[in-house]
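This is protein15.pdb (PDB, C-alpha atoms).
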ATOM      1  CA  VAL H  25      53.226  62.959 102.466
ATOM      2  CA  GLN H  26      54.737  64.168 105.735
ATOM      3  CA  GLY H  27      58.180  62.951 104.589
ATOM      4  CA  ALA H  28      57.882  64.971 101.370
ATOM      5  CA  ILE H  29      56.821  68.061 103.331
ATOM      6  CA  ASP H  30      59.749  67.640 105.725
ATOM      7  CA  GLU H  31      62.138  67.289 102.770
ATOM      8  CA  LEU H  32      60.731  70.489 101.183
ATOM      9  CA  ASN H  33      61.121  72.338 104.499
ATOM     10  CA  THR H  34      64.766  71.233 104.670
ATOM     11  CA  ASP H  35      65.333  72.429 101.086
ATOM     12  CA  ILE H  36      63.621  75.763 101.820
ATOM     13  CA  GLN H  37      65.792  76.257 104.921
ATOM     14  CA  GLU H  38      68.925  75.503 102.876
ATOM     15  CA  VAL H  39      67.888  77.992 100.171
ATOM     16  CA  ALA H  40      67.157  80.621 102.862
ATOM     17  CA  SER H  41      70.592  79.997 104.376
ATOM     18  CA  ASN H  42      72.228  80.375 100.934
ATOM     19  CA  ILE H  43      70.327  83.619 100.323
ATOM     20  CA  GLN H  44      71.521  84.961 103.686
ATOM     21  CA  GLU H  45      75.128  84.032 102.812
ATOM     22  CA  VAL H  46      74.864  85.822  99.443
ATOM     23  CA  THR H  47      73.359  88.873 101.174
ATOM     24  CA  ASN H  48      76.248  88.923 103.652
ATOM     25  CA  ASN H  49      78.782  88.671 100.784
ATOM     26  CA  ILE H  50      77.100  91.554  98.932
ATOM     27  CA  GLN H  51      77.211  93.715 102.061
ATOM     28  CA  GLU H  52      80.893  92.874 102.546
ATOM     29  CA  MET H  53      81.678  93.744  98.917
ATOM     30  CA  SER H  54      79.748  97.001  99.276
ATOM     31  CA  THR H  55      81.869  97.918 102.303
ATOM     32  CA  ASP H  56      85.059  97.032 100.394
ATOM     33  CA  ILE H  57      83.976  99.185  97.440
ATOM     34  CA  GLN H  58      83.237 102.136  99.735
ATOM     35  CA  THR H  59      86.680 101.765 101.328
ATOM     36  CA  LEU H  60      88.324 101.637  97.905
ATOM     37  CA  GLU H  61      86.431 104.725  96.731
ATOM     38  CA  THR H  62      87.514 106.601  99.858
ATOM     39  CA  ASN H  63      91.152 105.593  99.336
ATOM     40  CA  VAL H  64      91.129 106.575  95.647
ATOM     41  CA  GLU H  65      89.463 109.894  96.441
ATOM     42  CA  GLY H  66      92.137 110.574  99.067
ATOM     43  CA  CYS H  67      94.917 109.842  96.561
ATOM     44  CA  LEU H  68      93.484 112.206  93.985
ATOM     45  CA  LYS H  69      92.805 115.251  96.149
ATOM     46  CA  LYS H  70      94.217 118.368  94.564
ATOM     47  CA  THR H  71      95.624 119.500  97.897
ATOM     48  CA  ASP H  72      97.733 116.343  98.033
ATOM     49  CA  LYS H  73      98.852 116.474  94.408
ATOM     50  CA  PRO H  74      99.412 120.155  93.638
ATOM     51  CA  PHE H  75      98.797 121.661  90.264
ATOM     52  CA  ASP H  76     100.618 124.912  89.554
ATOM     53  CA  SER H  77     102.816 126.676  87.039
ATOM     54  CA  TYR H  78     106.168 128.409  86.696
ATOM     55  CA  ALA H  79     107.693 130.754  84.142
ATOM     56  CA  GLY H  80     110.714 129.592  82.194
ATOM     57  CA  SER H  81     113.729 131.825  82.787
ATOM     58  CA  GLY H  82     116.124 130.832  80.031
ATOM     59  CA  SER H  83     118.871 131.627  82.554
ATOM     60  CA  THR H  84     122.351 130.201  82.106
ATOM     61  CA  SER H  85     122.404 128.912  85.692
ATOM     62  CA  ALA H  86     120.524 125.990  87.173
ATOM     63  CA  ARG H  87     117.254 126.731  88.939
ATOM     64  CA  THR H  88     114.916 125.023  91.367
ATOM     65  CA  VAL H  89     111.142 125.181  91.232
ATOM     66  CA  ALA H  90     109.689 124.379  94.677
ATOM     67  CA  THR H  91     106.532 122.480  93.766
ATOM     68  CA  GLY H  92     105.688 121.633  97.366
ATOM     69  CA  GLY H  93     104.246 118.401  96.039
ATOM     70  CA  ILE H  94     104.300 114.826  97.109
ATOM     71  CA  GLY H  95     104.722 111.871  94.814
ATOM     72  CA  ARG H  96     107.562 110.446  92.786
ATOM     73  CA  LEU H  97     106.562 111.820  89.400
ATOM     74  CA  LEU H  98     106.020 115.302  88.072
ATOM     75  CA  MET H  99     104.166 115.939  84.826
ATOM     76  CA  ILE H 100     105.065 119.244  83.132
ATOM     77  CA  TYR H 101     103.511 120.650  79.994
ATOM     78  CA  CYS H 102     103.435 123.777  77.863
ATOM     79  CA  SER H 103     102.401 124.586  74.306
ATOM     80  CA  THR H 104     105.467 122.867  72.837
ATOM     81  CA  HIS H 105     106.405 120.003  75.179
ATOM     82  CA  ILE H 106     105.150 117.548  77.750
ATOM     83  CA  ALA H 107     107.545 115.904  80.200
ATOM     84  CA  PHE H 108     107.473 113.271  82.908
ATOM     85  CA  VAL H 109     110.192 114.045  85.456
ATOM     86  CA  THR H 110     111.455 111.571  88.061
ATOM     87  CA  PRO H 111     114.408 111.541  90.483
ATOM     88  CA  LYS H 112     116.410 109.891  87.689
ATOM     89  CA  GLY H 113     115.647 112.359  84.915
ATOM     90  CA  ALA H 114     112.942 113.305  82.456
ATOM     91  CA  ARG H 115     111.258 111.919  79.373
ATOM     92  CA  ILE H 116     110.392 114.916  77.199
ATOM     93  CA  ILE H 117     108.024 114.766  74.232
ATOM     94  CA  ALA H 118     108.065 117.558  71.686
ATOM     95  CA  LEU H 119     104.531 118.290  70.499
ATOM     96  CA  SER H 120     105.657 119.504  67.092
ATOM     97  CA  GLU H 121     107.507 117.899  64.188
ATOM     98  CA  GLY H 122     105.949 114.472  64.542
ATOM     99  CA  SER H 123     106.145 114.259  68.324
ATOM    100  CA  THR H 124     109.852 113.486  68.577
ATOM    101  CA  THR H 125     111.108 112.387  71.971
ATOM    102  CA  THR H 126     114.273 113.187  73.884
ATOM    103  CA  TRP H 127     115.702 112.112  77.195
ATOM    104  CA  ALA H 128     117.044 114.527  79.761
ATOM    105  CA  ASP H 129     119.302 112.879  82.303
ATOM    106  CA  ALA H 130     119.248 113.741  86.001
ATOM    107  CA  ALA H 131     121.916 116.400  85.483
ATOM    108  CA  LYS H 132     119.446 118.364  83.328
ATOM    109  CA  ALA H 133     116.076 117.820  85.016
ATOM    110  CA  TYR H 134     114.896 115.816  87.981
ATOM    111  CA  TYR H 135     112.157 115.905  90.641
ATOM    112  CA  LEU H 136     112.970 115.078  94.244
ATOM    113  CA  ASN H 137     111.395 115.856  97.631
ATOM    114  CA  GLY H 138     108.891 118.352  96.248
ATOM    115  CA  ASN H 139     111.391 120.260  94.121
ATOM    116  CA  LEU H 140     111.976 120.345  90.388
ATOM    117  CA  PHE H 141     115.650 120.849  89.595
ATOM    118  CA  LEU H 142     116.435 122.231  86.122
ATOM    119  CA  ASN H 143     119.643 122.854  84.276
ATOM    120  CA  THR H 144     119.141 125.435  81.580
ATOM    121  CA  ASP H 145     120.752 123.442  78.798
ATOM    122  CA  ASN H 146     117.380 121.684  78.984
ATOM    123  CA  ALA H 147     115.552 124.411  77.020
ATOM    124  CA  ALA H 148     112.430 122.246  76.672
ATOM    125  CA  LEU H 149     111.586 122.777  80.363
ATOM    126  CA  ASN H 150     113.051 126.237  81.055
ATOM    127  CA  ALA H 151     112.679 128.344  77.904
ATOM    128  CA  SER H 152     112.532 132.083  78.443
ATOM    129  CA  GLY H 153     109.018 133.535  78.232
ATOM    130  CA  VAL H 154     107.265 130.133  78.324
ATOM    131  CA  SER H 155     104.697 129.270  80.995
ATOM    132  CA  TYR H 156     104.870 125.685  82.217
ATOM    133  CA  ASN H 157     102.140 123.849  84.114
ATOM    134  CA  TYR H 158     102.902 120.940  86.416
ATOM    135  CA  GLN H 159     101.100 118.251  88.378
ATOM    136  CA  CYS H 160     102.667 116.135  91.121
ATOM    137  CA  ILE H 161     101.676 112.502  90.778
TER     138      ILE H 161
END

What is this structure when it is put down as structure tokens?
Amino acid sequence: VQGAIDELNTDIQEVASNIQEVTNNIQEMSTDIQTLETNVEGCLKKTDKPFDSYAGSGSTSARTVATGGIGRLLMIYCSTHIAFVTPKGARIIALSEGSTTTWADAAKAYYLNGNLFLNTDNAALNASGVSYNYQCI
């Protein structure tokens, strides 16, 4: 009988040790999740990724919109178009006529070091009288 009791005690101690290990793992995962949430929240702060707007000028000369943003991508949208602008150019999607797409090369529109550079032959992003919203990503 004593041998059986000793064996049960050993099993109970092993189970208790396993429970403690699982508890430690859960606490570690909880800490990791909190760290991840903090990092994601920091990446998504509006102060870090500005949202603003500019008015299209329709001018015949190139213009710069100082976004003051950080990030390597700028999303721009208005009632007629949405665009994703990078240092290498822009992908512009027309929101009418079946959502046709066009490509603007870096000579027409690009985003670099917190500034949006536009050439006015790119009417989709600089039309006169149109208000454009942007978000640095």

**Asked** So which one's closest to Gly113 (chain H), H:Leu142, H:Ser41, H:Met99, H:Ala133? Using all atoms listed in the file, please.
**Response**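 Under the stated criterion, the closest residue is H:Ala133.
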
**Asked** Hey, can you check how far CA of Asn33 (chain H) sits from CA of Glu52 (chain H)?
**Response**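 Distance reported for this atom pair: 28.6 Å.
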
**Request:** Convert the output of the PyMOL selection byres ((chain H and resi 91-96) around 10) on the shown file into explicit residues, formatted as a PyMOL selection string.
**Result:** chain H and resi 71-78+88-90+97-98+109-111+135-140+158-161

**Asked** Applied to the shown file, which residues does the PyMOL selection byres ((chain H and resi 117) around 6) return, written as a list in words?
**Response**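 Selected by the PyMOL selection byres ((chain H and resi 117) around 6) here: His105, Ile106, Ile116, Ala118 and Thr125 of chain H.
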
**Prompt:** How many Å lie between CA of Ser155 (chain H) and CA of Lys112 (chain H), rounded to one decimal?
**Reply:**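 These two atoms are separated by 23.6 Å.
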
**Asked** Could you work out how far CA of Ile50 (chain H) lies from CA of Gln37 (chain H), giving the answer in Å with one decimal?
**Response**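 Distance between the two atoms: 19.9 Å.
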
**Nearest residue to Phe141 (chain H) from the set H:Leu60, H:Ala86, H:Ala114, H:Ala107 (distances using only C-alpha atoms)** =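 Nearest candidate to Phe141 (chain H) out of H:Leu60, H:Ala86, H:Ala114, H:Ala107: H:Ala86.
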
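All residues of protein, DNA or RNA that reach within 8 Å of Ala131 (chain H), judged by all atoms listed in the file and not counting those fewer than 3 positions away in the chain, are H:Gly113, H:Ala128, H:Tyr134, H:Asn143.
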
**Which residue of H:Thr62, H:Ser81, H:Gln44, H:Ser103 approaches Ala147 (chain H) most closely, using only C-alpha atoms** = H:Ser81

Using the file's own x, y and z axes, so that the box edges lie along x, y and z, what centre and edge lengths in Å (one decimal) does a box around every listed atom of region 96-100 of chain H get when 5 Å is added on each side? Give it as JSON.
{"center_x": 105.9, "center_y": 114.8, "center_z": 88.0, "size_x": 13.4, "size_y": 18.8, "size_z": 19.7}

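For the set H:Asp35, H:Arg87, H:Val154, H:Met53, the residue with the smallest atom-to-atom gap to Lys132 (chain H) is H:Arg87, counting only C-alpha atoms.
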